[in-house]
file run02.tsv (TSV, C-alpha atoms and all ligand atoms)
chain	number	residue	atom	x	y	z
A	1	MET	CA	48.89	117.73	91.41
A	2	SER	CA	47.87	118.77	87.88
A	3	GLU	CA	48.18	116.84	84.61
A	4	SER	CA	51.60	118.22	83.69
A	5	ASP	CA	53.11	117.28	87.08
A	6	LEU	CA	55.33	114.25	87.36
A	7	THR	CA	57.22	112.10	89.82
A	8	VAL	CA	60.79	111.15	88.96
A	9	ARG	CA	62.40	108.63	91.32
A	10	GLY	CA	60.23	109.85	94.18
A	11	PHE	CA	60.89	113.55	93.47
A	12	LYS	CA	57.48	115.20	93.02
A	13	ILE	CA	57.73	117.89	90.37
A	14	PHE	CA	54.98	120.51	90.21
A	15	LYS	CA	55.46	122.10	86.78
A	16	GLU	CA	54.84	125.89	86.75
A	17	PHE	CA	53.37	125.84	90.25
A	18	LEU	CA	54.05	129.59	90.27
A	19	VAL	CA	53.15	131.67	87.24
A	20	GLY	CA	53.25	135.32	86.23
A	21	GLU	CA	52.99	137.81	89.06
A	22	ALA	CA	53.60	135.13	91.72
A	23	GLN	CA	57.11	134.62	90.31
A	24	THR	CA	57.79	138.37	90.14
A	25	GLN	CA	56.60	138.73	93.74
A	26	LEU	CA	58.99	136.02	94.97
A	27	VAL	CA	61.90	137.65	93.12
A	28	GLY	CA	61.06	140.88	94.96
A	29	GLU	CA	61.12	139.01	98.28
A	30	VAL	CA	64.49	137.46	97.40
A	31	ARG	CA	65.89	140.91	96.55
A	32	LYS	CA	64.90	142.15	100.03
A	33	ILE	CA	66.60	139.15	101.65
A	34	VAL	CA	69.77	139.64	99.60
A	35	THR	CA	69.91	143.33	100.54
A	36	ALA	CA	69.84	142.39	104.25
A	37	ALA	CA	71.94	139.21	103.93
A	38	PRO	CA	74.23	139.49	100.88
A	39	MET	CA	75.06	136.46	98.74
A	40	PHE	CA	78.45	134.80	99.29
A	41	SER	CA	80.27	131.84	97.75
A	42	PRO	CA	80.80	129.16	100.41
A	43	LEU	CA	84.09	127.27	100.40
A	44	THR	CA	84.11	123.54	99.86
A	45	PRO	CA	85.98	121.47	102.45
A	46	TYR	CA	88.86	121.57	99.93
A	47	GLY	CA	88.97	125.35	100.20
A	48	LYS	CA	87.66	126.09	96.69
A	49	PRO	CA	84.75	128.55	96.36
A	50	MET	CA	81.52	127.01	95.07
A	51	SER	CA	80.36	128.41	91.69
A	52	VAL	CA	76.90	128.96	93.20
A	53	GLN	CA	76.34	132.04	95.38
A	54	MET	CA	74.16	131.61	98.46
A	55	THR	CA	72.38	133.23	101.32
A	56	SER	CA	69.56	132.14	103.64
A	57	ALA	CA	66.43	133.25	105.42
A	58	GLY	CA	64.97	131.74	108.57
A	59	ARG	CA	66.06	130.73	112.05
A	60	LEU	CA	69.04	128.85	110.62
A	61	GLY	CA	71.07	129.34	107.45
A	62	TRP	CA	73.35	126.98	105.58
A	63	PHE	CA	77.07	127.67	105.60
A	64	ALA	CA	80.20	125.91	104.38
A	65	ASP	CA	83.92	126.44	104.83
A	66	ARG	CA	87.03	124.33	105.36
A	67	LEU	CA	85.52	123.03	108.59
A	68	GLY	CA	82.62	121.50	106.66
A	69	TYR	CA	78.93	122.00	105.96
A	70	ARG	CA	76.56	123.17	108.68
A	71	TYR	CA	73.63	125.34	109.67
A	72	GLN	CA	74.23	128.43	111.75
A	73	ALA	CA	72.05	131.12	113.31
A	74	THR	CA	73.94	134.03	111.71
A	75	HIS	CA	75.13	135.23	108.29
A	76	PRO	CA	78.96	135.34	107.94
A	77	ASN	CA	78.61	139.09	108.71
A	78	GLY	CA	77.41	138.16	112.23
A	79	GLN	CA	73.76	139.21	111.83
A	80	ALA	CA	70.68	137.02	112.15
A	81	TRP	CA	69.22	135.82	108.84
A	82	PRO	CA	66.08	137.65	107.57
A	83	GLU	CA	62.69	135.99	108.12
A	84	ILE	CA	61.30	133.59	105.54
A	85	PRO	CA	58.71	135.59	103.53
A	86	ASP	CA	55.05	134.55	103.90
A	87	ALA	CA	54.71	133.97	100.15
A	88	VAL	CA	57.50	131.36	100.39
A	89	LEU	CA	55.99	129.70	103.48
A	90	GLN	CA	52.71	129.50	101.59
A	91	VAL	CA	54.33	127.39	98.85
A	92	TRP	CA	55.71	125.02	101.52
A	93	THR	CA	52.28	124.65	103.11
A	94	GLU	CA	50.49	124.13	99.81
A	95	VAL	CA	52.79	121.38	98.51
A	96	THR	CA	53.50	119.56	101.80
A	97	GLY	CA	50.29	120.09	103.77
A	98	LEU	CA	52.44	120.22	106.93
A	99	ASP	CA	51.70	122.32	110.04
A	100	ARG	CA	55.38	122.66	110.87
A	101	SER	CA	57.18	125.58	109.16
A	102	PRO	CA	60.66	125.19	107.71
A	103	ASP	CA	63.64	126.52	109.72
A	104	CYS	CA	65.68	127.47	106.68
A	105	CYS	CA	65.14	128.89	103.21
A	106	LEU	CA	68.46	128.45	101.43
A	107	ILE	CA	68.75	130.71	98.39
A	108	ASN	CA	71.13	129.66	95.61
A	109	PHE	CA	72.02	131.91	92.68
A	110	TYR	CA	73.50	130.38	89.53
A	111	HIS	CA	75.25	132.47	86.89
A	112	PRO	CA	74.80	130.72	83.54
A	113	ASN	CA	78.10	128.88	84.00
A	114	ALA	CA	77.56	127.83	87.63
A	115	ARG	CA	76.70	124.26	88.56
A	116	MET	CA	76.06	122.14	91.63
A	117	GLY	CA	77.70	118.75	91.91
A	118	LEU	CA	75.77	115.60	92.76
A	119	HIS	CA	75.04	115.66	96.51
A	120	GLN	CA	72.68	114.48	99.24
A	121	ASP	CA	70.97	116.93	101.59
A	122	LYS	CA	71.90	115.40	104.91
A	123	ASP	CA	72.93	118.26	107.19
A	124	GLU	CA	69.47	118.26	108.79
A	125	VAL	CA	68.53	116.31	111.92
A	126	ASP	CA	65.41	114.41	110.84
A	127	PHE	CA	65.04	113.10	107.28
A	128	ASP	CA	61.32	112.44	107.77
A	129	TRP	CA	60.73	116.10	106.83
A	130	PRO	CA	60.73	116.81	103.11
A	131	VAL	CA	62.83	119.41	101.30
A	132	VAL	CA	60.93	121.73	98.96
A	133	SER	CA	62.64	123.60	96.12
A	134	ILE	CA	61.39	126.56	94.08
A	135	SER	CA	63.10	127.50	90.79
A	136	LEU	CA	63.04	131.03	89.35
A	137	GLY	CA	64.71	132.45	86.23
A	138	ASP	CA	66.77	130.49	83.72
A	139	ASP	CA	66.19	126.77	83.16
A	140	GLY	CA	68.42	124.38	85.12
A	141	LEU	CA	69.24	120.80	84.18
A	142	PHE	CA	68.45	118.80	87.35
A	143	ARG	CA	70.05	115.39	87.69
A	144	ILE	CA	68.30	112.87	89.94
A	145	GLY	CA	69.85	109.64	91.14
A	146	GLY	CA	69.33	107.17	93.94
A	147	THR	CA	70.56	106.90	97.51
A	148	ALA	CA	73.98	105.59	96.39
A	149	ARG	CA	76.32	107.86	94.42
A	150	LYS	CA	76.83	105.16	91.80
A	151	ASP	CA	73.10	104.66	91.15
A	152	PRO	CA	71.92	105.51	87.63
A	153	THR	CA	70.64	109.04	87.15
A	154	GLU	CA	68.15	110.82	84.93
A	155	SER	CA	67.89	114.51	84.13
A	156	ILE	CA	65.04	116.93	83.71
A	157	TRP	CA	64.94	120.65	82.99
A	158	LEU	CA	63.56	122.72	85.88
A	159	LYS	CA	61.91	125.89	84.63
A	160	SER	CA	60.93	129.12	86.32
A	161	GLY	CA	58.02	128.49	88.67
A	162	ASP	CA	58.60	124.76	89.01
A	163	VAL	CA	58.43	123.38	92.56
A	164	VAL	CA	60.05	120.09	93.61
A	165	VAL	CA	59.28	118.09	96.76
A	166	MET	CA	61.97	115.66	97.86
A	167	GLY	CA	60.47	113.44	100.54
A	168	GLY	CA	59.98	109.85	101.59
A	169	GLU	CA	62.21	107.40	99.71
A	170	ALA	CA	63.71	110.30	97.72
A	171	ARG	CA	64.74	112.38	100.74
A	172	LEU	CA	68.31	111.09	100.70
A	173	ALA	CA	68.65	110.70	96.93
A	174	TYR	CA	71.65	112.21	95.16
A	175	HIS	CA	70.84	115.22	92.97
A	176	GLY	CA	72.59	118.19	91.36
A	177	ILE	CA	72.44	120.87	88.68
A	178	ASP	CA	74.55	120.09	85.61
A	179	ARG	CA	74.00	123.30	83.71
A	180	ILE	CA	71.96	126.44	83.29
A	181	ARG	CA	70.36	127.47	79.99
A	182	GLY	CA	71.48	131.12	80.01
A	183	GLY	CA	68.97	133.55	78.52
A	184	SER	CA	66.04	131.11	78.73
A	185	SER	CA	64.04	133.39	81.05
A	186	THR	CA	63.57	137.15	81.34
A	187	LEU	CA	62.36	137.00	84.97
A	188	LEU	CA	65.70	138.13	86.45
A	189	SER	CA	66.86	141.38	84.86
A	190	ASN	CA	70.50	140.26	84.80
A	191	GLY	CA	69.77	136.61	83.96
A	192	GLY	CA	70.75	133.49	85.85
A	193	ARG	CA	68.77	131.12	88.04
A	194	LEU	CA	67.54	131.33	91.62
A	195	ASN	CA	66.67	128.24	93.62
A	196	LEU	CA	65.05	128.39	97.04
A	197	THR	CA	65.14	125.26	99.19
A	198	LEU	CA	63.01	125.01	102.31
A	199	ARG	CA	64.12	122.69	105.07
A	200	VAL	CA	63.20	121.66	108.58
A	201	VAL	CA	66.67	121.57	110.12
A	202	ALA	CA	66.26	120.74	113.79
A	203	LEU	CA	63.74	119.04	116.02
B	301	LIG	C1	68.91	123.45	92.65
B	301	LIG	N1	68.58	121.92	94.36
B	301	LIG	O1	67.83	123.12	92.16
B	301	LIG	C2	69.57	122.59	93.64
B	301	LIG	N2	68.02	119.96	97.21
B	301	LIG	O2	69.51	124.45	92.33
B	301	LIG	C3	68.87	121.13	95.38
B	301	LIG	O3	70.00	120.89	95.74
B	301	LIG	C4	67.75	120.50	96.05
B	301	LIG	O4	66.17	120.99	94.33
B	301	LIG	C5	67.06	119.35	97.89
B	301	LIG	C6	65.77	119.26	97.41
B	301	LIG	C7	65.45	119.81	96.22
B	301	LIG	C8	66.46	120.45	95.50
B	302	FE	FE	70.15	119.64	97.44
call {"tool": "encode", "arguments": {"input": "run02.tsv", "output": "structure tokens", "more": "lines below"}}
Ligand code: MD6
Ligand code: FE
result
Amino acid sequence: MSESDLTVRGFKIFKEFLVGEAQTQLVGEVRKIVTAAPMFSPLTPYGKPMSVQMTSAGRLGWFADRLGYRYQATHPNGQAWPEIPDAVLQVWTEVTGLDRSPDCCLINFYHPNARMGLHQDKDEVDFDWPVVSISLGDDGLFRIGGTARKDPTESIWLKSGDVVVMGGEARLAYHGIDRIRGGSSTLLSNGGRLNLTLRVVAL
């Protein structure tokens, strides 16, 4: 980790892990994924569309509807998800040092008025594996709490190129995105924020 990196409640935050051309390259990879597997707005179990649009790459992708949250092997259009790009796998390997590759790269897109409520990532089988997140585009205000919903929280701005590792004691911590600072980055031509989360889903 470099001098500007920090750990907040067990979340390891690598500030500007990706800079310049590396960010542009990842955006290009995301565009290819979205062309093959278009973004959609999953439904919450209450039947309301989430404000964040999503798609996935990898063996398994994340999906939600009235039946609940789960991973599935196909996009809602019935096709297999695209492969996780090598440049994305490389980030996983560099920050985790693990031999095992992730099964899923969940891609979230936030319009400037989208948000993600406080949640735990617990749809995976084994919580010993970390979750890695990569932020691209506009700044997002990331709220970090503890393993109980009522635990106190603190917030930090995630900027384009920042990488977060949620592992160990933090793996089941509540977290969410309270707001996006629209227009804070010129990386995405139409603005907004992309977040890629890499997960080992199954054994
Ligand atoms: C986001 N991130 O940054 C939402 N989950 O848009 C997450 O929900 C997340 O950043 C697990 C691990 C790291 C994360
Ligand atoms: Fe999450």
call {"tool": "closest_residue", "arguments": {"input": "run02.tsv", "among": "A:Leu188, A:Leu60, A:Met116, A:Val164", "to": "Leu18 of chain A", "atoms": "all atoms listed in the file"}}
result
A:Val164
call {"tool": "closest_residue", "arguments": {"input": "run02.tsv", "among": "A:Asn190, A:Ser155, A:Ser160, A:Ser133", "to": "ligand LIG 301 (chain B)", "atoms": "only C-alpha atoms and all ligand atoms"}}
result
A:Ser133
call {"tool": "atom_distance", "arguments": {"input": "run02.tsv", "atom1": "atom CA of Pro49 of chain A", "atom2": "atom CA of Ile84 of chain A"}}
result
25.7 Å
call {"tool": "residues_near_ligand", "arguments": {"input": "run02.tsv", "ligand": "ligand FE 302 (chain B)", "cutoff": "10 Å", "atoms": "all atoms listed in the file", "output": "PyMOL selection string"}}
result
chain A and resi 106+116-122+131-133+166+171-177+197
call {"tool": "residues_near_point", "arguments": {"input": "run02.tsv", "point": "(78.2, 122.2, 106.0)", "cutoff": "12 Å", "atoms": "all atoms listed in the file", "output": "PyMOL selection string"}}
result
chain A and resi 42-45+61-72+119-124
call {"tool": "closest_residue", "arguments": {"input": "run02.tsv", "among": "A:Leu203, A:Ala57, A:Ala87, A:Leu198", "to": "Ala36 of chain A", "atoms": "only C-alpha atoms"}}
result
A:Ala57
call {"tool": "residues_around", "arguments": {"input": "run02.tsv", "residues": "Trp129 of chain A", "least_positions_apart": "5", "cutoff": "10 Å", "atoms": "all atoms listed in the file", "output": "list in words"}}
result
Thr96, Leu98, Arg100, Pro102, Glu124, Met166, Gly167, Gly168, Arg171, Arg199, Val200 and Val201 of chain A
call {"tool": "residues_near_point", "arguments": {"input": "run02.tsv", "point": "(55.6, 133.8, 98.3)", "cutoff": "8 Å", "atoms": "all atoms listed in the file", "output": "ChimeraX atom specification"}}
result
/A:22,25-26,29,85-91
call {"tool": "write_last_selection", "arguments": {"input": "run02.tsv", "atoms": "C-alpha atoms", "output": "PDB file, in the coordinates of the input"}}
result
ATOM      1  CA  ALA A  22      53.600 135.130  91.720  1.00  0.00           C
ATOM      2  CA  GLN A  25      56.600 138.730  93.740  1.00  0.00           C
ATOM      3  CA  LEU A  26      58.990 136.020  94.970  1.00  0.00           C
ATOM      4  CA  GLU A  29      61.120 139.010  98.280  1.00  0.00           C
ATOM      5  CA  PRO A  85      58.710 135.590 103.530  1.00  0.00           C
ATOM      6  CA  ASP A  86      55.050 134.550 103.900  1.00  0.00           C
ATOM      7  CA  ALA A  87      54.710 133.970 100.150  1.00  0.00           C
ATOM      8  CA  VAL A  88      57.500 131.360 100.390  1.00  0.00           C
ATOM      9  CA  LEU A  89      55.990 129.700 103.480  1.00  0.00           C
ATOM     10  CA  GLN A  90      52.710 129.500 101.590  1.00  0.00           C
ATOM     11  CA  VAL A  91      54.330 127.390  98.850  1.00  0.00           C
TER      12      VAL A  91
END
call {"tool": "atom_distance", "arguments": {"input": "run02.tsv", "atom1": "atom CA of Gly161 of chain A", "atom2": "atom CA of Lys15 of chain A"}}
result
7.1 Å
call {"tool": "atom_distance", "arguments": {"input": "run02.tsv", "atom1": "atom CA of Thr7 of chain A", "atom2": "atom CA of Glu169 of chain A"}}
result
12.0 Å
